[in-house]
file input_21.pdb (PDB, C-alpha atoms)
ATOM      1  CA  MET A1034     -60.635   5.769  -6.518  1.00  0.00           C
ATOM      2  CA  ALA A1035     -58.852   8.684  -8.205  1.00  0.00           C
ATOM      3  CA  THR A1036     -57.247   9.561  -4.861  1.00  0.00           C
ATOM      4  CA  ILE A1037     -55.870   6.015  -4.483  1.00  0.00           C
ATOM      5  CA  LYS A1038     -54.466   6.100  -8.025  1.00  0.00           C
ATOM      6  CA  LEU A1039     -52.882   9.475  -7.292  1.00  0.00           C
ATOM      7  CA  LEU A1040     -51.328   8.180  -4.054  1.00  0.00           C
ATOM      8  CA  LEU A1041     -50.051   5.035  -5.786  1.00  0.00           C
ATOM      9  CA  GLY A1042     -48.595   7.209  -8.546  1.00  0.00           C
ATOM     10  CA  ILE A1043     -46.801   9.410  -6.008  1.00  0.00           C
ATOM     11  CA  ILE A1044     -45.457   6.340  -4.163  1.00  0.00           C
ATOM     12  CA  CYS A1045     -44.254   4.784  -7.448  1.00  0.00           C
ATOM     13  CA  PHE A1046     -42.619   8.064  -8.446  1.00  0.00           C
ATOM     14  CA  ALA A1047     -40.936   8.406  -5.029  1.00  0.00           C
ATOM     15  CA  VAL A1048     -39.657   4.806  -5.077  1.00  0.00           C
ATOM     16  CA  THR A1049     -38.426   5.067  -8.670  1.00  0.00           C
ATOM     17  CA  GLY A1050     -36.769   8.402  -7.929  1.00  0.00           C
ATOM     18  CA  SER A1051     -35.003   6.990  -4.884  1.00  0.00           C
ATOM     19  CA  PHE A1052     -33.492   4.256  -7.063  1.00  0.00           C
ATOM     20  CA  GLY A1053     -32.004   6.988  -9.196  1.00  0.00           C
ATOM     21  CA  LEU A1054     -30.368   8.501  -6.107  1.00  0.00           C
ATOM     22  CA  LEU A1055     -28.962   5.120  -5.165  1.00  0.00           C
ATOM     23  CA  ASN A1056     -27.477   4.756  -8.613  1.00  0.00           C
ATOM     24  CA  ARG A1057     -25.802   8.151  -8.356  1.00  0.00           C
ATOM     25  CA  ASN A1058     -24.207   7.129  -5.055  1.00  0.00           C
ATOM     26  CA  LEU A1059     -23.031   3.889  -6.615  1.00  0.00           C
ATOM     27  CA  LEU A1060     -21.439   5.828  -9.466  1.00  0.00           C
ATOM     28  CA  ILE A1061     -19.600   8.037  -6.987  1.00  0.00           C
ATOM     29  CA  LEU A1062     -18.459   4.989  -5.034  1.00  0.00           C
ATOM     30  CA  GLY A1063     -17.358   3.420  -8.291  1.00  0.00           C
ATOM     31  CA  ASP A1064     -15.235   6.477  -9.096  1.00  0.00           C
ATOM     32  CA  ASN A1065     -13.631   6.343  -5.639  1.00  0.00           C
ATOM     33  CA  GLU A1066     -12.871   2.661  -6.049  1.00  0.00           C
ATOM     34  CA  LEU A1067     -11.420   3.341  -9.483  1.00  0.00           C
ATOM     35  CA  SER A1068      -9.265   6.114  -8.064  1.00  0.00           C
ATOM     36  CA  GLU A1069      -8.073   3.860  -5.246  1.00  0.00           C
ATOM     37  CA  ALA A1070      -7.204   1.100  -7.736  1.00  0.00           C
ATOM     38  CA  LYS A1071      -5.241   3.619  -9.831  1.00  0.00           C
ATOM     39  CA  ASN A1072      -3.347   4.784  -6.744  1.00  0.00           C
ATOM     40  CA  ARG A1073      -2.534   1.204  -5.757  1.00  0.00           C
ATOM     41  CA  ASN A1074      -1.379   0.442  -9.294  1.00  0.00           C
ATOM     42  CA  LEU A1075       0.816   3.552  -9.293  1.00  0.00           C
ATOM     43  CA  LEU A1076       2.569   2.419  -6.092  1.00  0.00           C
ATOM     44  CA  VAL A1077       3.258  -1.011  -7.598  1.00  0.00           C
ATOM     45  CA  GLN A1078       4.543   0.539 -10.852  1.00  0.00           C
ATOM     46  CA  ILE A1079       6.954   2.795  -8.975  1.00  0.00           C
ATOM     47  CA  ALA A1080       8.246  -0.103  -6.863  1.00  0.00           C
ATOM     48  CA  GLU A1081       8.631  -2.376  -9.913  1.00  0.00           C
ATOM     49  CA  LYS A1082      10.938   0.169 -11.563  1.00  0.00           C
ATOM     50  CA  GLU A1083      13.282  -0.173  -8.586  1.00  0.00           C
ATOM     51  CA  ILE A1084      13.724  -3.952  -8.894  1.00  0.00           C
ATOM     52  CA  GLY A1085      17.404  -4.582  -9.525  1.00  0.00           C
ATOM     53  CA  VAL A1086      18.738  -1.666  -7.458  1.00  0.00           C
ATOM     54  CA  ARG A1087      21.730  -2.995  -5.506  1.00  0.00           C
ATOM     55  CA  GLU A1088      23.871  -1.688  -2.680  1.00  0.00           C
ATOM     56  CA  GLU A1089      27.212  -0.328  -3.805  1.00  0.00           C
ATOM     57  CA  SER A1090      29.445  -2.215  -1.361  1.00  0.00           C
ATOM     58  CA  GLY A1091      26.991  -4.390   0.553  1.00  0.00           C
ATOM     59  CA  ASN A1092      26.879  -1.961   3.485  1.00  0.00           C
ATOM     60  CA  ASN A1093      23.466  -0.304   3.020  1.00  0.00           C
ATOM     61  CA  ASP A1094      24.994   2.216   0.636  1.00  0.00           C
ATOM     62  CA  GLY A1095      24.913   3.494  -2.923  1.00  0.00           C
ATOM     63  CA  LEU A1096      23.221   6.484  -4.520  1.00  0.00           C
ATOM     64  CA  ARG A1097      19.757   4.968  -4.854  1.00  0.00           C
ATOM     65  CA  VAL A1098      19.824   3.251  -1.435  1.00  0.00           C
ATOM     66  CA  GLU A1099      20.908   6.517   0.149  1.00  0.00           C
ATOM     67  CA  SER A1100      17.962   8.202  -1.591  1.00  0.00           C
ATOM     68  CA  TYR A1101      15.607   5.731   0.134  1.00  0.00           C
ATOM     69  CA  LEU A1102      17.352   6.362   3.458  1.00  0.00           C
ATOM     70  CA  SER A1103      17.237  10.144   3.121  1.00  0.00           C
ATOM     71  CA  SER A1104      13.470  10.025   2.475  1.00  0.00           C
ATOM     72  CA  VAL A1105      13.115   9.017   6.142  1.00  0.00           C
ATOM     73  CA  ASN A1106      16.060  11.067   7.475  1.00  0.00           C
ATOM     74  CA  LEU A1107      18.404   8.112   7.934  1.00  0.00           C
ATOM     75  CA  LYS A1108      22.093   8.157   7.105  1.00  0.00           C
ATOM     76  CA  ARG A1109      24.123   5.849   4.906  1.00  0.00           C
ATOM     77  CA  GLY A1110      24.645   2.405   6.390  1.00  0.00           C
ATOM     78  CA  GLN A1111      21.259   2.055   8.122  1.00  0.00           C
ATOM     79  CA  PRO A1112      18.779  -0.730   7.291  1.00  0.00           C
ATOM     80  CA  TRP A1113      16.534   0.552   4.513  1.00  0.00           C
ATOM     81  CA  CYS A1114      13.499  -1.673   3.864  1.00  0.00           C
ATOM     82  CA  ALA A1115      11.128   0.803   5.577  1.00  0.00           C
ATOM     83  CA  GLY A1116      12.878   3.708   3.875  1.00  0.00           C
ATOM     84  CA  PHE A1117      12.295   2.004   0.536  1.00  0.00           C
ATOM     85  CA  VAL A1118       8.517   1.652   0.945  1.00  0.00           C
ATOM     86  CA  SER A1119       8.274   5.181   2.380  1.00  0.00           C
ATOM     87  CA  TRP A1120      10.205   6.449  -0.660  1.00  0.00           C
ATOM     88  CA  VAL A1121       7.786   4.626  -3.006  1.00  0.00           C
ATOM     89  CA  TYR A1122       4.818   6.309  -1.309  1.00  0.00           C
ATOM     90  CA  ALA A1123       6.581   9.687  -1.544  1.00  0.00           C
ATOM     91  CA  GLN A1124       7.188   9.195  -5.278  1.00  0.00           C
ATOM     92  CA  ALA A1125       3.447   8.541  -5.696  1.00  0.00           C
ATOM     93  CA  GLY A1126       2.711  11.855  -3.961  1.00  0.00           C
ATOM     94  CA  TYR A1127       1.754  10.586  -0.515  1.00  0.00           C
ATOM     95  CA  THR A1128       2.855  12.500   2.576  1.00  0.00           C
ATOM     96  CA  ARG A1129       2.703   9.332   4.689  1.00  0.00           C
ATOM     97  CA  PRO A1130       4.100   6.880   5.676  1.00  0.00           C
ATOM     98  CA  ARG A1131       7.541   8.288   6.440  1.00  0.00           C
ATOM     99  CA  SER A1132       9.569   6.104   8.764  1.00  0.00           C
ATOM    100  CA  GLY A1133      12.717   4.037   8.694  1.00  0.00           C
ATOM    101  CA  TRP A1134      11.439   1.927  11.613  1.00  0.00           C
ATOM    102  CA  THR A1135       9.360  -1.010  10.369  1.00  0.00           C
ATOM    103  CA  PRO A1136       6.989  -1.196  13.392  1.00  0.00           C
ATOM    104  CA  ASP A1137       5.937   2.432  12.720  1.00  0.00           C
ATOM    105  CA  LEU A1138       4.441   1.325   9.404  1.00  0.00           C
ATOM    106  CA  PHE A1139       1.876  -0.883  11.166  1.00  0.00           C
ATOM    107  CA  PRO A1140      -0.086   1.312  13.597  1.00  0.00           C
ATOM    108  CA  SER A1141      -3.407  -0.137  14.738  1.00  0.00           C
ATOM    109  CA  SER A1142      -5.274   2.526  12.726  1.00  0.00           C
ATOM    110  CA  ARG A1143      -3.718   1.215   9.493  1.00  0.00           C
ATOM    111  CA  LEU A1144      -3.881  -2.546  10.026  1.00  0.00           C
ATOM    112  CA  ALA A1145      -5.536  -4.402   7.150  1.00  0.00           C
ATOM    113  CA  ARG A1146      -6.910  -7.893   6.710  1.00  0.00           C
ATOM    114  CA  SER A1147      -6.112  -8.241   3.053  1.00  0.00           C
ATOM    115  CA  ALA A1148      -3.128  -8.239   0.750  1.00  0.00           C
ATOM    116  CA  LEU A1149      -4.271  -5.567  -1.687  1.00  0.00           C
ATOM    117  CA  PRO A1150      -1.740  -4.130  -4.119  1.00  0.00           C
ATOM    118  CA  GLY A1151       0.066  -1.208  -2.493  1.00  0.00           C
ATOM    119  CA  ASN A1152      -0.537  -2.482   1.034  1.00  0.00           C
ATOM    120  CA  LEU A1153       2.468  -3.281   3.190  1.00  0.00           C
ATOM    121  CA  LEU A1154       3.441  -6.639   4.658  1.00  0.00           C
ATOM    122  CA  GLY A1155       5.384  -6.992   7.879  1.00  0.00           C
ATOM    123  CA  ILE A1156       7.631  -9.916   8.804  1.00  0.00           C
ATOM    124  CA  TYR A1157       8.096 -10.738  12.498  1.00  0.00           C
ATOM    125  CA  PHE A1158      11.479 -11.881  13.818  1.00  0.00           C
ATOM    126  CA  PRO A1159      11.186 -13.780  17.119  1.00  0.00           C
ATOM    127  CA  GLU A1160      14.847 -13.181  18.021  1.00  0.00           C
ATOM    128  CA  LEU A1161      14.178  -9.410  17.873  1.00  0.00           C
ATOM    129  CA  LYS A1162      10.668  -9.707  19.337  1.00  0.00           C
ATOM    130  CA  ARG A1163       9.305  -7.333  16.699  1.00  0.00           C
ATOM    131  CA  MET A1164       8.535  -6.820  13.047  1.00  0.00           C
ATOM    132  CA  ALA A1165      11.835  -6.099  11.399  1.00  0.00           C
ATOM    133  CA  HIS A1166      11.154  -6.244   7.655  1.00  0.00           C
ATOM    134  CA  VAL A1167       8.563  -4.675   5.368  1.00  0.00           C
ATOM    135  CA  GLY A1168       7.624  -4.972   1.716  1.00  0.00           C
ATOM    136  CA  LEU A1169       5.073  -3.531  -0.699  1.00  0.00           C
ATOM    137  CA  ILE A1170       2.426  -5.961  -1.942  1.00  0.00           C
ATOM    138  CA  VAL A1171       2.027  -6.497  -5.681  1.00  0.00           C
ATOM    139  CA  LYS A1172      -0.719  -9.134  -5.518  1.00  0.00           C
ATOM    140  CA  GLN A1173      -1.949 -12.273  -3.818  1.00  0.00           C
ATOM    141  CA  GLN A1174      -1.978 -15.605  -5.658  1.00  0.00           C
ATOM    142  CA  GLY A1175      -3.734 -18.176  -3.505  1.00  0.00           C
ATOM    143  CA  ASP A1176      -1.699 -18.554  -0.310  1.00  0.00           C
ATOM    144  CA  TRP A1177       1.257 -16.632  -1.762  1.00  0.00           C
ATOM    145  CA  ILE A1178       1.897 -12.920  -1.557  1.00  0.00           C
ATOM    146  CA  ILE A1179       3.991 -11.345  -4.297  1.00  0.00           C
ATOM    147  CA  SER A1180       5.843  -8.297  -2.996  1.00  0.00           C
ATOM    148  CA  ILE A1181       8.623  -5.876  -3.810  1.00  0.00           C
ATOM    149  CA  GLU A1182      11.083  -5.424  -0.978  1.00  0.00           C
ATOM    150  CA  GLY A1183      14.165  -3.351  -0.345  1.00  0.00           C
ATOM    151  CA  ASN A1184      17.184  -4.465   1.691  1.00  0.00           C
ATOM    152  CA  THR A1185      16.533  -8.122   0.988  1.00  0.00           C
ATOM    153  CA  ASN A1186      18.067 -10.819  -1.210  1.00  0.00           C
ATOM    154  CA  VAL A1187      17.196 -14.026  -3.056  1.00  0.00           C
ATOM    155  CA  ILE A1188      16.533 -15.944   0.184  1.00  0.00           C
ATOM    156  CA  GLY A1189      14.410 -13.137   1.676  1.00  0.00           C
ATOM    157  CA  SER A1190      16.752 -11.848   4.372  1.00  0.00           C
ATOM    158  CA  ARG A1191      16.004  -8.594   6.171  1.00  0.00           C
ATOM    159  CA  GLU A1192      19.645  -7.577   5.660  1.00  0.00           C
ATOM    160  CA  GLY A1193      20.048  -8.125   1.950  1.00  0.00           C
ATOM    161  CA  ASP A1194      21.719  -6.228  -0.836  1.00  0.00           C
ATOM    162  CA  GLY A1195      18.973  -4.840  -3.043  1.00  0.00           C
ATOM    163  CA  VAL A1196      15.404  -4.481  -4.254  1.00  0.00           C
ATOM    164  CA  TYR A1197      13.813  -7.804  -5.204  1.00  0.00           C
ATOM    165  CA  LYS A1198      10.420  -9.186  -6.178  1.00  0.00           C
ATOM    166  CA  LYS A1199       9.582 -11.875  -3.610  1.00  0.00           C
ATOM    167  CA  SER A1200       6.979 -14.594  -3.101  1.00  0.00           C
ATOM    168  CA  ARG A1201       6.109 -15.200   0.538  1.00  0.00           C
ATOM    169  CA  HIS A1202       3.628 -17.669   1.962  1.00  0.00           C
ATOM    170  CA  ILE A1203       0.806 -15.898   3.744  1.00  0.00           C
ATOM    171  CA  LYS A1204       1.607 -17.782   6.963  1.00  0.00           C
ATOM    172  CA  THR A1205       5.022 -16.083   7.108  1.00  0.00           C
ATOM    173  CA  ILE A1206       3.463 -12.614   7.176  1.00  0.00           C
ATOM    174  CA  TYR A1207       2.758 -11.114  10.565  1.00  0.00           C
ATOM    175  CA  ARG A1208       0.750  -8.012   9.602  1.00  0.00           C
ATOM    176  CA  PHE A1209      -0.669  -6.055   6.685  1.00  0.00           C
ATOM    177  CA  SER A1210      -1.149  -2.300   6.693  1.00  0.00           C
ATOM    178  CA  ASP A1211      -3.065  -0.056   4.319  1.00  0.00           C
ATOM    179  CA  TRP A1212      -1.761   3.480   3.754  1.00  0.00           C
ATOM    180  CA  VAL A1213      -3.777   4.011   0.557  1.00  0.00           C
ATOM    181  CA  LYS A1214      -7.307   4.000   1.968  1.00  0.00           C
ATOM    182  CA  GLU A1215      -8.228   7.259   3.663  1.00  0.00           C
ATOM    183  CA  ASN A1216      -4.803   8.608   2.744  1.00  0.00           C
ATOM    184  CA  ASP A1217      -5.821   9.967  -0.652  1.00  0.00           C
ATOM    185  CA  MET A1218      -6.505  13.357   0.885  1.00  0.00           C
ATOM    186  CA  ASN A1219      -2.913  13.461   2.176  1.00  0.00           C
ATOM    187  CA  ARG A1220      -1.341  13.283  -1.263  1.00  0.00           C
ATOM    188  CA  ASN A1221       0.846  16.092  -2.519  1.00  0.00           C
ATOM    189  CA  ASN A1222       0.011  15.595  -6.197  1.00  0.00           C
ATOM    190  CA  LEU A1223      -3.101  13.667  -7.073  1.00  0.00           C
ATOM    191  CA  HIS A1224      -2.867  11.301 -10.041  1.00  0.00           C
ATOM    192  CA  ARG A1225      -6.581  11.252 -10.839  1.00  0.00           C
TER     193      ARG A1225
END

call {"tool": "encode", "arguments": {"input": "input_21.pdb", "output": "structure tokens"}}
result
Amino acid sequence: MATIKLLLGIICFAVTGSFGLLNRNLLILGDNELSEAKNRNLLVQIAEKEIGVREESGNNDGLRVESYLSSVNLKRGQPWCAGFVSWVYAQAGYTRPRSGWTPDLFPSSRLARSALPGNLLGIYFPELKRMAHVGLIVKQQGDWIISIEGNTNVIGSREGDGVYKKSRHIKTIYRFSDWVKENDMNRNNLHR
């Protein structure tokens, strides 16, 4: 009888101890999720500060626009929506993405199913047979995605005149990509 009690005690101790290990893993996961949320929030904050930037002459130019373009090695006068989101990521300390070509921002390894803050949205243009506009997601409200986009305008053109906060119906969005997840290790300066 004493042996059975001893065995039951050991089993209870082992089970109870394993719950403690699970809790430690959950705390670590919680910290990672918190860090990811902070990183996503940082991207949105940086993009929000750019709302209102306008082209100087309406020809993809101006000091700030040229700063977005230079972050992806493009010259004055080039379309800059992809340069804008790449610049935002650079300001947050990320080494990637860095491209002025919208389709590059949606590789299969980065495709996402959700519209999390800091993720990118891609708009497909049938006449071009490709994605040709990108924005940074602020949040999702029901079937609407709130985003911050460069090189757009009030009507949501891909050849606009500035940085705007936009609302787009989810059905108008072709792809989402996530450069935050698994990219934390590629940051130049960690904000943790």

call {"tool": "atom_distance", "arguments": {"input": "input_21.pdb", "atom1": "atom CA of Gly1168 of chain A", "atom2": "atom CA of Asn1072 of chain A"}}
result
16.9 Å

call {"tool": "closest_residue", "arguments": {"input": "input_21.pdb", "among": "A:Gly1126, A:Gly1095, A:Gly1155, A:Pro1112", "to": "Thr1185 of chain A", "atoms": "all atoms listed in the file"}}
result
A:Pro1112

call {"tool": "atom_distance", "arguments": {"input": "input_21.pdb", "atom1": "atom CA of Leu1153 of chain A", "atom2": "atom CA of Leu1138 of chain A"}}
result
8.0 Å

call {"tool": "resolve_selection", "arguments": {"input": "input_21.pdb", "expression": "the PyMOL selection byres ((chain A and resi 1143-1147) around 10)", "output": "JSON, numbers by chain"}}
result
{"A": [1138, 1139, 1140, 1141, 1142, 1148, 1149, 1150, 1152, 1153, 1154, 1173, 1208, 1209, 1210, 1211, 1212, 1213, 1214, 1215]}

call {"tool": "atom_distance", "arguments": {"input": "input_21.pdb", "atom1": "atom CA of Lys1071 of chain A", "atom2": "atom CA of Arg1201 of chain A"}}
result
24.3 Å

call {"tool": "resolve_selection", "arguments": {"input": "input_21.pdb", "expression": "the PyMOL selection byres ((chain A and resi 1106) around 9)", "output": "PyMOL selection string"}}
result
chain A and resi 1102-1105+1107-1108+1116+1132-1133

call {"tool": "resolve_selection", "arguments": {"input": "input_21.pdb", "expression": "the PyMOL selection byres ((chain A and resi 1114) around 6)", "output": "tab-separated table (two decimals) with C-alpha atoms, in the coordinates of the input"}}
result
chain	number	residue	atom	x	y	z
A	1113	TRP	CA	16.53	0.55	4.51
A	1115	ALA	CA	11.13	0.80	5.58
A	1116	GLY	CA	12.88	3.71	3.88
A	1117	PHE	CA	12.30	2.00	0.54
A	1167	VAL	CA	8.56	-4.68	5.37
A	1183	GLY	CA	14.16	-3.35	-0.34
A	1184	ASN	CA	17.18	-4.46	1.69
